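Undergrad: Input: one structure, supplied below.
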Amino acid sequence: MHITGNLLLDTILMAAVKMVGFVFVFVMGLATVLTWTERKFSAVLQNRIGPNRANIGKMRAGGLFHMIADPIKMLTKEDFTPDTPNPYLFRIAPVLALIPALLVFVVIPFGPGDNFQISGVDAGILFIFGIASLNVYSSVIGAWASNNKWSLMGGLRISAQMISYEVAIGLSLCGIFMIYGSVDLQQIVIGQGTTFWGFIPAWGIFLQPLSFILYLTCAIAENKRAPFDVGEAEAELTAGWWTEYSAMGFAVLALSEFIEVVMIGCLGTTLFLGGWQIPGVQGSTPGIIVLQIGAFILKTLILVWLQLTIRWTLPRFRYDQVMRLGWRILLPLALANLVLTGVVLAVIDRF
Amino acid sequence: MAKVVSRIEPDFARQAYVVEALKGVGIVTRQFVRNIFGRKDTPTVQYPEERKPYAARFRGRHRLMRRDDGQVRCVACMLCATACPANCIGIVAAEHGNPDIEKYPTRFEIDLLKCIYCGFCEEACPCDAIRLDSGIHSVPSMTRRDQKAGVLNLMAIGAPSIAMQGGEFKAESHGGDSH
Ligand code: SF4
Ligand code: SF4
């Protein structure tokens, strides 16, 4: 009895340490840095200078202090609540956006073994889809509770968009599960440790290139960022479903958007870029483990960079184009990919 | 006849989108790298620290020029007030002690909020008494009253003028002028 109690405590403590280290330091930290990076990065590639005024004394550090200045501003601003019959729903929407965004990291394996995964859920990827799709409630509830026609239009569009892309993203990943024969993320990463023909690592991106493109497209669409920002649609709907949010409510929504960017990076790394695997490096000495965690972080950063670049490269889709892309191009492609993978696997099995 | 707009029908490669998107990513990244290493294409001027020089013909704050003895050059002829399209110059004339000068302004006031900085006053003036060449951008203030520039105010940034009262130019007596 005494021992089990200790074990339980140990498990909880361990989970808490991993939670703090991975989710609060790495993910939240990266998301916070991204609020600055996105502005600075977009500025530089558009021949602008970007934020550079926040300073401590004479020090400006390229506008890095905007990361501190923003929360201070958000905390001290008026938190406006619109004239709405549902003020509680209005308040709860940002929370509903933040919690699922953070929760999905629980099953991401950021290093080899159980020690580097907060919780080794067998159906890891299903857990991610289940939790991540709760996000749409935040947008819809927020939009509805804002009591504002722009918000409502935005919320309507988002619900349609997210449900459409949920289908395609699920199907696009099925090929991966078929190849690696598991929905446990750690198993998928371990499956990517081998090579074929001796030099190409058996990463998802090489085995399922179409699936990778579909995943990235759908994931960006799920995240509601440009070029799929029909729900926010600054040009048409002021700020769409979050028009009425100010101060911390807005900050939490914006932060959860960036957390989702990190999430897409982490999941993409896990499924397509071999997770923490470094081709040719095996073993379990502490040095190698540190290297592998570093590899995971690096790969995640590459995918995050790709998302930012795409966001600042492509013009927005119109609402009907978004729907057409989802249902008439991505969905058939995902299905075709699935069938093709099935046929190829069957042929390989047979011979 | 209506103009026929020729449209480029996107071919398959374009509609497939992925290649075009990657090309776009390439362009954006190239621009990013270019701007990081040297900022060649960023035209921004960091305003309060860096300033662009104004053009030589920039019309800024008015100033009233002075005679050699420091008195105001203006003879209160009202030509500028008449020419002013914004009707923002108010002059009260008084008789000058010196019979050669005849008149001078006891009050010379320009309402800078009404002024459109057209420079007509400068052109109308027969004795080079008012100019807009100070190079000072219109100055903000907390009250409307502060936007009424009085005679002392206008003379404070004035300078001796080399033009001669009455039209003759006597170069030898006005050598040391900065304008
Ligand atoms: S610049 Fe034009 S508007 Fe201004 S005082 Fe002179 S004449 Fe009037
Ligand atoms: S500034 Fe020139 S035009 Fe105006 S009243 Fe004086 S002398 Fe006449």
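Ordering of the structure tokens sets the chain letters (A, B, ...); residue numbers start at 1 within each chain; ligands are numbered from 1 in the order shown.
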Residues contacting ligand 1 - anything with an atom at most 10 Å away, using only C-alpha atoms and all ligand atoms - can you give me those as a VMD selection string?

TA: chain B and resid 59 to 62 79 to 90 109 to 125 130 to 132

Undergrad: Check which residues of chain B sit at most 6 Å from chain A using only C-alpha atoms, and return one row each with the closest pair of atoms and their distance in Å to one decimal, ordered by chain and rising number, as a tab-separated table.

TA:
residue	atom	partner	partner_atom	distance
B:Gly24	CA	A:Thr313	CA	5.9
B:Gln31	CA	A:Leu45	CA	5.5
B:Phe32	CA	A:Leu45	CA	4.3
B:Asp41	CA	A:Asn47	CA	5.6
B:Thr42	CA	A:Asn47	CA	4.5

Undergrad: Can you write out the residues you just picked, keeping N, CA and C atoms, as a compact mmCIF listing (two decimals), in the first residue's frame?

TA:
# COMPACT_ATOMS: atom_id res chain seq x y z
N GLY B 24 6.80 30.20 -54.59
CA GLY B 24 6.56 31.38 -53.77
C GLY B 24 7.40 31.37 -52.51
N GLN B 31 14.19 36.74 -50.59
CA GLN B 31 14.06 38.13 -50.16
C GLN B 31 14.45 38.26 -48.69
N PHE B 32 14.04 37.26 -47.90
CA PHE B 32 14.38 37.27 -46.47
C PHE B 32 15.89 37.28 -46.28
N ASP B 41 16.87 46.19 -49.47
CA ASP B 41 15.63 46.65 -50.08
C ASP B 41 14.71 47.36 -49.10
N THR B 42 15.16 47.61 -47.91
CA THR B 42 14.28 48.25 -46.94
C THR B 42 14.39 49.77 -47.04

Undergrad: Which one is closest to A:Leu331: A:Phe272, A:Tyr165, A:Trp241, A:Phe228? Count only C-alpha atoms.

TA: A:Tyr165

Undergrad: So which residues of stretch 198-288 of chain A fall under helix (DSSP H, G or I) by DSSP, listed as a PyMOL selection string?

TA: chain A and resi 204-207+209-222+234-237+240-242+247-272+286-288

Undergrad: Write the residues of the preceding selection, restricted to N, CA and C atoms, as a compact mmCIF listing (two decimals), in the first residue's frame.

TA:
# COMPACT_ATOMS: atom_id res chain seq x y z
N GLY A 204 8.26 9.24 -42.82
CA GLY A 204 6.96 9.35 -43.46
C GLY A 204 6.99 10.21 -44.70
N ILE A 205 7.82 11.25 -44.69
CA ILE A 205 7.80 12.18 -45.82
C ILE A 205 8.31 11.51 -47.09
N PHE A 206 9.19 10.51 -46.95
CA PHE A 206 9.68 9.83 -48.15
C PHE A 206 8.74 8.71 -48.59
N LEU A 207 8.09 8.08 -47.60
CA LEU A 207 7.18 7.00 -47.95
C LEU A 207 5.82 7.53 -48.37
N PRO A 209 4.86 11.07 -49.51
CA PRO A 209 5.04 12.50 -49.77
C PRO A 209 3.71 13.24 -49.98
N LEU A 210 2.79 12.58 -50.68
CA LEU A 210 1.50 13.22 -50.92
C LEU A 210 0.78 13.45 -49.60
N SER A 211 0.87 12.46 -48.75
CA SER A 211 0.23 12.55 -47.46
C SER A 211 0.78 13.73 -46.66
N PHE A 212 2.09 13.95 -46.79
CA PHE A 212 2.70 15.08 -46.07
C PHE A 212 2.13 16.41 -46.55
N ILE A 213 2.02 16.56 -47.87
CA ILE A 213 1.48 17.81 -48.42
C ILE A 213 0.03 17.99 -47.96
N LEU A 214 -0.73 16.90 -48.03
CA LEU A 214 -2.13 16.99 -47.60
C LEU A 214 -2.21 17.36 -46.13
N TYR A 215 -1.35 16.71 -45.33
CA TYR A 215 -1.38 16.97 -43.89
C TYR A 215 -1.09 18.44 -43.62
N LEU A 216 -0.04 18.96 -44.26
CA LEU A 216 0.36 20.34 -43.98
C LEU A 216 -0.75 21.31 -44.40
N THR A 217 -1.32 21.07 -45.58
CA THR A 217 -2.40 21.94 -46.06
C THR A 217 -3.57 21.92 -45.10
N CYS A 218 -4.01 20.71 -44.77
CA CYS A 218 -5.18 20.60 -43.91
C CYS A 218 -4.89 21.17 -42.53
N ALA A 219 -3.68 20.94 -42.03
CA ALA A 219 -3.36 21.41 -40.70
C ALA A 219 -3.36 22.94 -40.65
N ILE A 220 -2.80 23.55 -41.70
CA ILE A 220 -2.83 25.02 -41.72
C ILE A 220 -4.27 25.50 -41.80
N ALA A 221 -5.09 24.79 -42.57
CA ALA A 221 -6.50 25.17 -42.66
C ALA A 221 -7.19 24.99 -41.31
N GLU A 222 -6.87 23.91 -40.62
CA GLU A 222 -7.46 23.66 -39.30
C GLU A 222 -7.10 24.78 -38.34
N GLU A 234 -9.93 39.59 -42.23
CA GLU A 234 -9.83 41.01 -41.91
C GLU A 234 -10.46 41.91 -42.96
N ALA A 235 -10.31 41.52 -44.22
CA ALA A 235 -10.79 42.39 -45.28
C ALA A 235 -12.30 42.40 -45.36
N GLU A 236 -12.94 41.33 -44.87
CA GLU A 236 -14.39 41.25 -45.01
C GLU A 236 -15.11 41.42 -43.68
N LEU A 237 -14.58 40.81 -42.63
CA LEU A 237 -15.32 40.71 -41.36
C LEU A 237 -14.60 41.38 -40.20
N GLY A 240 -13.46 38.96 -37.88
CA GLY A 240 -14.22 37.71 -37.85
C GLY A 240 -14.66 37.34 -36.45
N TRP A 241 -14.41 36.10 -36.10
CA TRP A 241 -15.04 35.59 -34.88
C TRP A 241 -14.40 36.17 -33.64
N TRP A 242 -13.21 36.76 -33.71
CA TRP A 242 -12.67 37.34 -32.48
C TRP A 242 -12.69 38.87 -32.52
N ALA A 247 -7.86 42.73 -24.80
CA ALA A 247 -7.03 42.44 -23.62
C ALA A 247 -6.65 40.96 -23.54
N MET A 248 -6.80 40.34 -22.37
CA MET A 248 -6.29 38.99 -22.17
C MET A 248 -7.05 37.97 -22.99
N GLY A 249 -8.34 38.19 -23.19
CA GLY A 249 -9.10 37.25 -24.02
C GLY A 249 -8.48 37.13 -25.39
N PHE A 250 -8.14 38.26 -25.96
CA PHE A 250 -7.51 38.27 -27.28
C PHE A 250 -6.13 37.63 -27.20
N ALA A 251 -5.40 37.95 -26.15
CA ALA A 251 -4.04 37.42 -26.03
C ALA A 251 -4.06 35.90 -25.97
N VAL A 252 -5.01 35.37 -25.20
CA VAL A 252 -5.08 33.91 -25.07
C VAL A 252 -5.44 33.28 -26.42
N LEU A 253 -6.36 33.90 -27.14
CA LEU A 253 -6.72 33.35 -28.45
C LEU A 253 -5.53 33.38 -29.40
N ALA A 254 -4.82 34.51 -29.39
CA ALA A 254 -3.68 34.62 -30.29
C ALA A 254 -2.60 33.63 -29.91
N LEU A 255 -2.40 33.47 -28.60
CA LEU A 255 -1.36 32.54 -28.14
C LEU A 255 -1.73 31.12 -28.52
N SER A 256 -3.02 30.76 -28.38
CA SER A 256 -3.37 29.38 -28.69
C SER A 256 -3.21 29.13 -30.19
N GLU A 257 -3.35 30.18 -30.99
CA GLU A 257 -3.09 30.01 -32.42
C GLU A 257 -1.63 29.63 -32.65
N PHE A 258 -0.74 30.31 -31.93
CA PHE A 258 0.68 30.00 -32.10
C PHE A 258 1.03 28.64 -31.50
N ILE A 259 0.36 28.30 -30.41
CA ILE A 259 0.59 26.97 -29.84
C ILE A 259 0.21 25.90 -30.86
N GLU A 260 -0.87 26.18 -31.60
CA GLU A 260 -1.26 25.22 -32.62
C GLU A 260 -0.22 25.14 -33.73
N VAL A 261 0.40 26.26 -34.03
CA VAL A 261 1.48 26.22 -35.02
C VAL A 261 2.57 25.26 -34.55
N VAL A 262 2.93 25.37 -33.27
CA VAL A 262 3.94 24.47 -32.72
C VAL A 262 3.43 23.04 -32.75
N MET A 263 2.15 22.88 -32.45
CA MET A 263 1.57 21.54 -32.44
C MET A 263 1.66 20.90 -33.82
N ILE A 264 1.31 21.66 -34.85
CA ILE A 264 1.40 21.13 -36.22
C ILE A 264 2.84 20.74 -36.53
N GLY A 265 3.77 21.57 -36.04
CA GLY A 265 5.18 21.25 -36.25
C GLY A 265 5.57 19.95 -35.54
N CYS A 266 5.16 19.81 -34.28
CA CYS A 266 5.52 18.62 -33.50
C CYS A 266 4.90 17.37 -34.12
N LEU A 267 3.62 17.45 -34.46
CA LEU A 267 2.94 16.27 -35.00
C LEU A 267 3.53 15.92 -36.37
N GLY A 268 3.78 16.94 -37.18
CA GLY A 268 4.38 16.69 -38.50
C GLY A 268 5.74 16.05 -38.35
N THR A 269 6.52 16.52 -37.38
CA THR A 269 7.83 15.92 -37.13
C THR A 269 7.68 14.46 -36.74
N THR A 270 6.74 14.22 -35.83
CA THR A 270 6.56 12.86 -35.34
C THR A 270 6.13 11.90 -36.45
N LEU A 271 5.21 12.36 -37.29
CA LEU A 271 4.65 11.45 -38.28
C LEU A 271 5.47 11.38 -39.55
N PHE A 272 6.09 12.50 -39.94
CA PHE A 272 6.69 12.54 -41.27
C PHE A 272 8.20 12.73 -41.28
N PRO A 286 23.26 8.96 -22.57
CA PRO A 286 22.66 10.28 -22.35
C PRO A 286 23.00 11.27 -23.46
N GLY A 287 24.24 11.20 -23.96
CA GLY A 287 24.63 12.13 -25.00
C GLY A 287 23.77 11.98 -26.24
N ILE A 288 23.53 10.73 -26.63
CA ILE A 288 22.73 10.49 -27.83
C ILE A 288 21.29 10.93 -27.60

Undergrad: Do a neighbour search on A:Val167 at 12 Å with only C-alpha atoms, toss out local chain neighbours closer than 2 positions, and write the hits as a list in words.

TA: Phe129, Ser133, Ala160, Gln161, Met162, Ile163, Ser164, Tyr165, Ile169, Gly170, Leu171, Ser172, Leu173, Cys174, Leu214, Tyr215, Cys218, Ala219, Ala221, Glu222, Gly326, Trp327, Leu330, Leu331, Pro332, Leu333, Ala334 and Leu335 of chain A

Undergrad: Emit the selected residues as a CSV table (one decimal), in the first residue's frame, including C-alpha atoms.

TA:
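Final output, saved to again03.csv:
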chain,number,residue,atom,x,y,z
A,129,PHE,CA,-7.7,14.4,-33.3
A,133,SER,CA,-11.2,19.1,-32.9
A,160,ALA,CA,-17.8,24.6,-41.9
A,161,GLN,CA,-14.1,24.9,-42.7
A,162,MET,CA,-12.8,22.9,-39.7
A,163,ILE,CA,-15.3,20.1,-40.2
A,164,SER,CA,-14.5,19.8,-43.8
A,165,TYR,CA,-10.7,19.6,-43.2
A,169,ILE,CA,-6.6,15.4,-42.5
A,170,GLY,CA,-7.8,12.2,-40.9
A,171,LEU,CA,-7.8,10.3,-44.2
A,172,SER,CA,-4.4,11.8,-45.2
A,173,LEU,CA,-2.8,10.3,-42.2
A,174,CYS,CA,-4.3,6.8,-42.6
A,214,LEU,CA,-2.1,17.0,-47.6
A,215,TYR,CA,-1.4,17.0,-43.9
A,218,CYS,CA,-5.2,20.6,-43.9
A,219,ALA,CA,-3.4,21.4,-40.7
A,221,ALA,CA,-6.5,25.2,-42.7
A,222,GLU,CA,-7.5,23.7,-39.3
A,326,GLY,CA,-11.2,20.8,-49.2
A,327,TRP,CA,-14.0,18.7,-50.6
A,330,LEU,CA,-7.9,17.3,-50.9
A,331,LEU,CA,-10.5,14.7,-50.0
A,332,PRO,CA,-10.3,12.7,-53.3
A,333,LEU,CA,-6.5,13.0,-53.1
A,334,ALA,CA,-6.4,11.6,-49.6
A,335,LEU,CA,-8.7,8.8,-50.6

Undergrad: To one decimal place in Å, what is the distance between atom CA of B:Glu95 and atom CA of B:Asp133?

TA: 28.4 Å

Undergrad: Report the distance between atom CA of A:Leu103 and atom CA of A:Lys77 in Å, rounded to one decimal place.

TA: 28.3 Å

Undergrad: In Å to one decimal, how far is atom CA of A:Thr32 from atom CA of B:Pro48?

TA: 29.3 Å

Undergrad: Taking only stretch 4-114 of chain B into account, list the residues labelled strand (DSSP E) by DSSP (computed from the backbone), as a list in words.

TA: Arg63, Leu64, Ile89, Gly90, Ile91, Val92, Ala93, Ala94, Glu95, Lys103, Tyr104, Pro105, Thr106, Arg107, Phe108, Glu109, Ile110 and Asp111 of chain B

Undergrad: Can you pull out every residue within 10 Å of B:Cys77, counting only C-alpha atoms, but drop anything in the same chain fewer than 5 positions away, and send it as a PyMOL selection string?

TA: chain B and resi 82+91+93+103-105+125-127

Undergrad: Using only C-alpha atoms and all ligand atoms, which residue out of B:Glu49, B:Asp128, B:Asp11, B:Glu20 lies closest to ligand 2?

TA: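 Result for the nearest residue to ligand 2: B:Asp128.
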
Undergrad: Identify which of the residues B:Pro140, B:Leu64, B:Val45, B:Ala55 lies closest to ligand 2, counting only C-alpha atoms and all ligand atoms when measuring atom-to-atom distances.

TA: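 Among the listed residues, B:Leu64 lies closest to ligand 2.
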
Undergrad: What's around A:Gln186 at 12 Å? Count only C-alpha atoms, leave out sequence neighbours fewer than 5 positions away in its own chain, and write the answer as a PDB file with N, CA, C and O atoms, in the first residue's frame.

TA:
ATOM      1  N   VAL A 107       0.712  13.525 -25.718  1.00  0.00           N
ATOM      2  CA  VAL A 107       1.075  12.244 -26.331  1.00  0.00           C
ATOM      3  C   VAL A 107       2.220  12.357 -27.320  1.00  0.00           C
ATOM      4  O   VAL A 107       2.591  11.384 -27.940  1.00  0.00           O
ATOM      5  N   ILE A 108       2.779  13.562 -27.489  1.00  0.00           N
ATOM      6  CA  ILE A 108       3.867  13.716 -28.463  1.00  0.00           C
ATOM      7  C   ILE A 108       5.161  13.165 -27.853  1.00  0.00           C
ATOM      8  O   ILE A 108       5.575  13.610 -26.790  1.00  0.00           O
ATOM      9  N   PRO A 109       5.820  12.208 -28.515  1.00  0.00           N
ATOM     10  CA  PRO A 109       7.102  11.712 -28.006  1.00  0.00           C
ATOM     11  C   PRO A 109       8.235  12.635 -28.458  1.00  0.00           C
ATOM     12  O   PRO A 109       8.532  12.708 -29.640  1.00  0.00           O
ATOM     13  N   PHE A 110       8.838  13.325 -27.499  1.00  0.00           N
ATOM     14  CA  PHE A 110       9.889  14.266 -27.894  1.00  0.00           C
ATOM     15  C   PHE A 110      11.276  13.680 -27.676  1.00  0.00           C
ATOM     16  O   PHE A 110      12.278  14.367 -27.827  1.00  0.00           O
ATOM     17  N   GLY A 111      11.348  12.422 -27.277  1.00  0.00           N
ATOM     18  CA  GLY A 111      12.631  11.751 -27.115  1.00  0.00           C
ATOM     19  C   GLY A 111      12.385  10.260 -27.061  1.00  0.00           C
ATOM     20  O   GLY A 111      11.226   9.816 -27.015  1.00  0.00           O
ATOM     21  N   PRO A 112      13.440   9.456 -27.052  1.00  0.00           N
ATOM     22  CA  PRO A 112      13.255   8.011 -27.055  1.00  0.00           C
ATOM     23  C   PRO A 112      12.775   7.511 -25.700  1.00  0.00           C
ATOM     24  O   PRO A 112      13.227   7.978 -24.662  1.00  0.00           O
ATOM     25  N   GLY A 113      11.852   6.589 -25.739  1.00  0.00           N
ATOM     26  CA  GLY A 113      11.414   5.929 -24.508  1.00  0.00           C
ATOM     27  C   GLY A 113      10.303   6.673 -23.785  1.00  0.00           C
ATOM     28  O   GLY A 113       9.962   7.811 -24.127  1.00  0.00           O
ATOM     29  N   ASP A 114       9.752   5.993 -22.770  1.00  0.00           N
ATOM     30  CA  ASP A 114       8.619   6.545 -22.034  1.00  0.00           C
ATOM     31  C   ASP A 114       8.980   7.803 -21.255  1.00  0.00           C
ATOM     32  O   ASP A 114       8.108   8.601 -20.905  1.00  0.00           O
ATOM     33  N   ASN A 115      10.269   7.947 -20.958  1.00  0.00           N
ATOM     34  CA  ASN A 115      10.656   9.098 -20.155  1.00  0.00           C
ATOM     35  C   ASN A 115      10.469  10.410 -20.900  1.00  0.00           C
ATOM     36  O   ASN A 115      10.431  11.474 -20.303  1.00  0.00           O
ATOM     37  N   PHE A 116      10.398  10.323 -22.214  1.00  0.00           N
ATOM     38  CA  PHE A 116      10.308  11.557 -22.990  1.00  0.00           C
ATOM     39  C   PHE A 116       8.991  11.664 -23.736  1.00  0.00           C
ATOM     40  O   PHE A 116       8.911  12.099 -24.862  1.00  0.00           O
ATOM     41  N   GLN A 117       7.975  11.192 -23.059  1.00  0.00           N
ATOM     42  CA  GLN A 117       6.616  11.340 -23.562  1.00  0.00           C
ATOM     43  C   GLN A 117       5.765  11.495 -22.321  1.00  0.00           C
ATOM     44  O   GLN A 117       5.922  10.719 -21.372  1.00  0.00           O
ATOM     45  N   ILE A 118       4.933  12.499 -22.262  1.00  0.00           N
ATOM     46  CA  ILE A 118       4.240  12.739 -21.005  1.00  0.00           C
ATOM     47  C   ILE A 118       3.321  11.584 -20.677  1.00  0.00           C
ATOM     48  O   ILE A 118       3.258  11.123 -19.558  1.00  0.00           O
ATOM     49  N   SER A 119       2.625  11.093 -21.696  1.00  0.00           N
ATOM     50  CA  SER A 119       1.753   9.959 -21.448  1.00  0.00           C
ATOM     51  C   SER A 119       1.731   9.082 -22.694  1.00  0.00           C
ATOM     52  O   SER A 119       1.420   9.559 -23.778  1.00  0.00           O
ATOM     53  N   GLY A 120       2.084   7.814 -22.532  1.00  0.00           N
ATOM     54  CA  GLY A 120       2.143   6.929 -23.693  1.00  0.00           C
ATOM     55  C   GLY A 120       0.794   6.323 -24.019  1.00  0.00           C
ATOM     56  O   GLY A 120       0.576   5.138 -23.854  1.00  0.00           O
ATOM     57  N   VAL A 121      -0.132   7.149 -24.477  1.00  0.00           N
ATOM     58  CA  VAL A 121      -1.456   6.627 -24.830  1.00  0.00           C
ATOM     59  C   VAL A 121      -1.321   5.773 -26.088  1.00  0.00           C
ATOM     60  O   VAL A 121      -0.677   6.182 -27.057  1.00  0.00           O
ATOM     61  N   ASP A 122      -1.931   4.593 -26.069  1.00  0.00           N
ATOM     62  CA  ASP A 122      -1.818   3.700 -27.228  1.00  0.00           C
ATOM     63  C   ASP A 122      -2.397   4.332 -28.477  1.00  0.00           C
ATOM     64  O   ASP A 122      -1.814   4.279 -29.554  1.00  0.00           O
ATOM     65  N   ALA A 123      -3.566   4.926 -28.327  1.00  0.00           N
ATOM     66  CA  ALA A 123      -4.242   5.510 -29.486  1.00  0.00           C
ATOM     67  C   ALA A 123      -3.867   6.985 -29.593  1.00  0.00           C
ATOM     68  O   ALA A 123      -4.709   7.851 -29.700  1.00  0.00           O
ATOM     69  N   GLY A 124      -2.561   7.260 -29.550  1.00  0.00           N
ATOM     70  CA  GLY A 124      -2.091   8.630 -29.460  1.00  0.00           C
ATOM     71  C   GLY A 124      -2.686   9.568 -30.484  1.00  0.00           C
ATOM     72  O   GLY A 124      -3.211  10.633 -30.140  1.00  0.00           O
ATOM     73  N   ILE A 125      -2.673   9.142 -31.735  1.00  0.00           N
ATOM     74  CA  ILE A 125      -3.092  10.054 -32.788  1.00  0.00           C
ATOM     75  C   ILE A 125      -4.598  10.305 -32.719  1.00  0.00           C
ATOM     76  O   ILE A 125      -5.072  11.400 -32.988  1.00  0.00           O
ATOM     77  N   TYR A 180       3.213   1.990 -40.849  1.00  0.00           N
ATOM     78  CA  TYR A 180       3.918   1.685 -39.608  1.00  0.00           C
ATOM     79  C   TYR A 180       3.111   0.766 -38.695  1.00  0.00           C
ATOM     80  O   TYR A 180       3.592   0.370 -37.631  1.00  0.00           O
ATOM     81  N   GLY A 181       1.892   0.495 -39.099  1.00  0.00           N
ATOM     82  CA  GLY A 181       1.095  -0.485 -38.384  1.00  0.00           C
ATOM     83  C   GLY A 181       0.757  -0.127 -36.958  1.00  0.00           C
ATOM     84  O   GLY A 181       0.649  -0.991 -36.100  1.00  0.00           O
ATOM     85  N   GLY A 191       9.297   3.089 -35.759  1.00  0.00           N
ATOM     86  CA  GLY A 191       9.214   2.501 -37.093  1.00  0.00           C
ATOM     87  C   GLY A 191       9.977   3.311 -38.135  1.00  0.00           C
ATOM     88  O   GLY A 191      10.379   2.783 -39.175  1.00  0.00           O
ATOM     89  N   GLN A 192      10.176   4.597 -37.873  1.00  0.00           N
ATOM     90  CA  GLN A 192      10.877   5.429 -38.844  1.00  0.00           C
ATOM     91  C   GLN A 192      12.390   5.395 -38.663  1.00  0.00           C
ATOM     92  O   GLN A 192      13.109   6.108 -39.343  1.00  0.00           O
ATOM     93  N   GLY A 193      12.845   4.545 -37.732  1.00  0.00           N
ATOM     94  CA  GLY A 193      14.277   4.503 -37.460  1.00  0.00           C
ATOM     95  C   GLY A 193      15.072   3.724 -38.486  1.00  0.00           C
ATOM     96  O   GLY A 193      16.288   3.856 -38.556  1.00  0.00           O
ATOM     97  N   LEU A 267       3.619  17.446 -34.458  1.00  0.00           N
ATOM     98  CA  LEU A 267       2.941  16.268 -35.001  1.00  0.00           C
ATOM     99  C   LEU A 267       3.526  15.924 -36.371  1.00  0.00           C
ATOM    100  O   LEU A 267       3.754  14.747 -36.678  1.00  0.00           O
ATOM    101  N   THR A 269       6.516  16.518 -37.380  1.00  0.00           N
ATOM    102  CA  THR A 269       7.828  15.924 -37.131  1.00  0.00           C
ATOM    103  C   THR A 269       7.682  14.463 -36.740  1.00  0.00           C
ATOM    104  O   THR A 269       8.378  13.589 -37.253  1.00  0.00           O
ATOM    105  N   THR A 270       6.742  14.218 -35.830  1.00  0.00           N
ATOM    106  CA  THR A 270       6.564  12.858 -35.336  1.00  0.00           C
ATOM    107  C   THR A 270       6.134  11.905 -36.449  1.00  0.00           C
ATOM    108  O   THR A 270       6.627  10.785 -36.541  1.00  0.00           O
ATOM    109  N   LEU A 271       5.210  12.364 -37.293  1.00  0.00           N
ATOM    110  CA  LEU A 271       4.647  11.448 -38.278  1.00  0.00           C
ATOM    111  C   LEU A 271       5.469  11.383 -39.553  1.00  0.00           C
ATOM    112  O   LEU A 271       5.528  10.346 -40.210  1.00  0.00           O
ATOM    113  N   GLY A 274      10.357  11.619 -38.907  1.00  0.00           N
ATOM    114  CA  GLY A 274      11.104  10.676 -38.073  1.00  0.00           C
ATOM    115  C   GLY A 274      11.230  11.065 -36.615  1.00  0.00           C
ATOM    116  O   GLY A 274      12.095  10.537 -35.927  1.00  0.00           O
ATOM    117  N   GLY A 275      10.385  11.983 -36.151  1.00  0.00           N
ATOM    118  CA  GLY A 275      10.399  12.330 -34.734  1.00  0.00           C
ATOM    119  C   GLY A 275      11.786  12.670 -34.237  1.00  0.00           C
ATOM    120  O   GLY A 275      12.482  13.485 -34.820  1.00  0.00           O
ATOM    121  N   TRP A 276      12.214  11.975 -33.166  1.00  0.00           N
ATOM    122  CA  TRP A 276      13.532  12.269 -32.591  1.00  0.00           C
ATOM    123  C   TRP A 276      14.635  11.471 -33.253  1.00  0.00           C
ATOM    124  O   TRP A 276      15.783  11.539 -32.830  1.00  0.00           O
ATOM    125  N   GLN A 277      14.306  10.669 -34.278  1.00  0.00           N
ATOM    126  CA  GLN A 277      15.323   9.833 -34.913  1.00  0.00           C
ATOM    127  C   GLN A 277      16.331  10.677 -35.687  1.00  0.00           C
ATOM    128  O   GLN A 277      15.967  11.606 -36.403  1.00  0.00           O
TER     129      GLN A 277
END

Undergrad: Need the shell around B:Gly70: protein/DNA/RNA residues with any atom at most 10 Å away, counting only C-alpha atoms. Skip same-chain ones fewer than 5 positions apart. Format as a list in words?

TA: Met65, Met155, Gly158, Ala159 and Pro160 of chain B

Undergrad: Could you write those residues out with N, CA, C and O atoms, as an mmCIF file, in the first residue's frame?

TA:
data_model
loop_
_atom_site.group_PDB
_atom_site.id
_atom_site.type_symbol
_atom_site.label_atom_id
_atom_site.label_comp_id
_atom_site.auth_asym_id
_atom_site.auth_seq_id
_atom_site.Cartn_x
_atom_site.Cartn_y
_atom_site.Cartn_z
ATOM 1 N N MET B 65 11.581 88.831 -42.158
ATOM 2 C CA MET B 65 12.986 89.204 -42.304
ATOM 3 C C MET B 65 13.251 90.536 -41.604
ATOM 4 O O MET B 65 12.328 91.298 -41.301
ATOM 5 N N MET B 155 9.627 86.942 -36.194
ATOM 6 C CA MET B 155 10.909 87.600 -36.413
ATOM 7 C C MET B 155 12.052 86.829 -35.765
ATOM 8 O O MET B 155 13.200 86.946 -36.168
ATOM 9 N N GLY B 158 13.745 85.065 -38.126
ATOM 10 C CA GLY B 158 14.043 85.869 -39.313
ATOM 11 C C GLY B 158 15.535 86.150 -39.404
ATOM 12 O O GLY B 158 16.307 85.847 -38.516
ATOM 13 N N ALA B 159 15.944 86.737 -40.528
ATOM 14 C CA ALA B 159 17.355 87.064 -40.721
ATOM 15 C C ALA B 159 17.411 88.317 -41.569
ATOM 16 O O ALA B 159 16.426 88.669 -42.221
ATOM 17 N N PRO B 160 18.527 89.006 -41.555
ATOM 18 C CA PRO B 160 18.642 90.158 -42.448
ATOM 19 C C PRO B 160 18.496 89.728 -43.893
ATOM 20 O O PRO B 160 18.934 88.646 -44.273
#

Undergrad: Of the residues A:Ser159, A:Ser151, A:Ser182, A:Gln292, which is the one nearest to A:Asn223, using only C-alpha atoms?

TA: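 Smallest separation from A:Asn223 among the options: A:Ser159.
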